[in-house]
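Following: one structure in structure tokens, then a few remarks.
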Amino acid sequence: MCDVQVLNKISYVDETSDGWLIVKINGGNYSIPMGLKVKLTEERDGRIHFVIQEGAYKGKNASVRSGPYFTEHRLTLSGAELVFDLITERLTISGLGSFNAITHSSNPIPKGNHNIELPDAPHHLGNLYTSYSQYATTWFRIGNSGDRYLHPGRVSAGCITVTDLDEWTNIYEYLIYRRSNDYDVGRLTVKETKFRV
């Protein structure tokens, strides 16, 4: 008979080298982001079992081999406010600063207000930029569906691509612990500055 330790406590994914923790969900390997809220249920057979409390896998049962992967403390911050200007190609993050960013000229990010989601999975195109930031594979989806993201890079297919590559770690660290709700880290306004002629 195996020993079972009942845990029953809220915790958070602790810091990792690249921002991701690989866990088992329904027998498959999945990555969940740093800072994610979970409810630890028990430890048995060398694994910690938990229920994910927010993000893309909210409500899913998961497990990870026993180890120091969780913390009971997380600085919970209010949702971030971002503005992207299609004309000046500047992304302004309230409380952090303004950064160079682009979108695709023939497929731009739509004007208006959009949610910015918690990271959903590692995006391997970010591996091209890990020399600039260890968190380059962590992208934040814009809106709650589709394939437009806030991410670092030099090319955009219609996302908001931060071209100030050395700043991605600062942007990531600013956003990762922010919450508007169980799914989003903040809100983005996309606008188009009108210049006087």
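Naming scheme: A, B, ... for chains in displayed order of the structure tokens; residues 1 onward per chain; ligands 1 onward as shown.
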Give one line per residue of segment 90-168 of chain A that approaches segment 172-192 of chain A to at most 12 Å, naming the two atoms of the closest pair and their distance in Å to one decimal, counting only C-alpha atoms; sort by chain then ascending residue number and deliver it as a tab-separated table.
residue	atom	partner	partner_atom	distance
A:Arg90	CA	A:Val190	CA	10.3
A:Leu91	CA	A:Val190	CA	9.2
A:Thr92	CA	A:Leu188	CA	9.6
A:Ile93	CA	A:Leu188	CA	9.0
A:Ser94	CA	A:Tyr174	CA	10.2
A:Gly95	CA	A:Tyr174	CA	9.1
A:Leu96	CA	A:Tyr174	CA	7.5
A:Gly97	CA	A:Tyr174	CA	10.7
A:Ile102	CA	A:Val190	CA	11.9
A:Thr103	CA	A:Val190	CA	11.0
A:Pro108	CA	A:Val190	CA	10.0
A:Ile109	CA	A:Val190	CA	7.5
A:Pro110	CA	A:Val190	CA	6.9
A:Lys111	CA	A:Val190	CA	4.6
A:Gly112	CA	A:Val190	CA	5.2
A:Asn113	CA	A:Thr189	CA	4.5
A:His114	CA	A:Leu188	CA	5.1
A:Asn115	CA	A:Arg187	CA	4.6
A:Ile116	CA	A:Gly186	CA	5.3
A:Glu117	CA	A:Asp184	CA	4.0
A:Leu118	CA	A:Asp184	CA	5.3
A:Pro119	CA	A:Ile176	CA	8.2
A:Asp120	CA	A:Tyr183	CA	9.8
A:Ser133	CA	A:Tyr172	CA	9.3
A:Gln134	CA	A:Tyr172	CA	10.0
A:Tyr135	CA	A:Tyr172	CA	7.1
A:Ala136	CA	A:Tyr172	CA	8.7
A:Thr137	CA	A:Tyr172	CA	10.5
A:Thr138	CA	A:Tyr172	CA	7.8
A:Trp139	CA	A:Tyr172	CA	8.6
A:Phe140	CA	A:Val185	CA	8.6
A:Arg141	CA	A:Asp184	CA	9.1
A:Ile142	CA	A:Leu188	CA	7.9
A:Gly143	CA	A:Leu188	CA	9.0
A:Asn144	CA	A:Asp184	CA	8.6
A:Ser145	CA	A:Tyr183	CA	11.8
A:Tyr149	CA	A:Leu188	CA	11.3
A:Leu150	CA	A:Leu188	CA	10.0
A:His151	CA	A:Tyr172	CA	9.3
A:Pro152	CA	A:Tyr172	CA	9.9
A:Cys159	CA	A:Val190	CA	11.6
A:Ile160	CA	A:Val190	CA	9.9
A:Val162	CA	A:Tyr172	CA	11.3
A:Leu165	CA	A:Tyr172	CA	11.4
A:Asp166	CA	A:Tyr172	CA	11.3
A:Glu167	CA	A:Tyr172	CA	8.7
A:Trp168	CA	A:Tyr172	CA	5.9
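Every residue of segment 8-174 of chain A found in helix (DSSP H, G or I) when DSSP is run on the backbone appears here: His124, Leu125, Gly126, Asn127, Leu128, Tyr129, Leu165, Asp166, Glu167, Trp168, Thr169, Asn170, Ile171, Tyr172, Glu173 and Tyr174 of chain A.
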Given only C-alpha atoms as the counted atoms, nearest of A:Gly126, A:Gly153, A:Pro68, A:Gly46 to Gln5 of chain A: A:Gly46
Shell around Asn26 of chain A at 9 Å using only C-alpha atoms, local window under 5 positions removed, as a PDB file with C-alpha atoms, in the first residue's frame:
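Writing done, so here's selection-v2.pdb:
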ATOM      1  CA  LYS A  60      -8.013  20.062 -15.037  1.00  0.00           C
ATOM      2  CA  ASN A  61      -6.431  17.471 -12.742  1.00  0.00           C
ATOM      3  CA  ALA A  62      -2.665  17.345 -13.141  1.00  0.00           C
TER       4      ALA A  62
END
Compile the contact shell of segment 29-31 of chain A as a PyMOL selection string: residues with an atom at most 12 Å away, counting only C-alpha atoms, same-chain residues fewer than 5 positions apart removed. chain A and resi 13+16+18-24+36+52+55-57+60-64+119-123+137-138
Using DSSP on the backbone coordinates, identify all residues within chain A classified as strand (DSSP E or B); present the result as an MDAnalysis selection string. chainID A and resid 4:13 20:25 28:33 37:44 47:52 61:65 70:71 77:78 80:85 90:93 97:102 104 107 112:117 140:142 149:152 160:162 178:179 184:191
List as a Markdown table every residue of segment 12-56 of chain A that is in contact with segment 76-87 of chain A, defined as an atom at most 12 Å from one of its atoms (using only C-alpha atoms), together with the nearest atom pair and the distance in Å rounded to one decimal, sorted by chain and then rising number.
| residue | atom | partner | partner_atom | distance |
| --- | --- | --- | --- | --- |
| A:Tyr12 | CA | A:Thr76 | CA | 10.7 |
| A:Gly35 | CA | A:Thr76 | CA | 9.3 |
| A:Leu36 | CA | A:Thr76 | CA | 10.8 |
| A:Lys37 | CA | A:Thr76 | CA | 10.4 |
Since we have the selection now, will you write its residues out, keeping N, CA and C atoms, as a CSV table (one decimal), in the first residue's frame?
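Below you can see part_24.csv, which holds the result:
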chain,number,residue,atom,x,y,z
A,12,TYR,N,1.2,28.1,-5.9
A,12,TYR,CA,1.4,28.7,-7.2
A,12,TYR,C,2.7,28.1,-7.8
A,35,GLY,N,3.8,31.1,-11.9
A,35,GLY,CA,2.9,31.9,-11.2
A,35,GLY,C,1.5,31.4,-11.3
A,36,LEU,N,1.2,30.3,-12.0
A,36,LEU,CA,-0.2,29.8,-12.1
A,36,LEU,C,-0.7,29.3,-10.8
A,37,LYS,N,-1.9,29.6,-10.5
A,37,LYS,CA,-2.6,29.2,-9.3
A,37,LYS,C,-3.1,27.7,-9.4
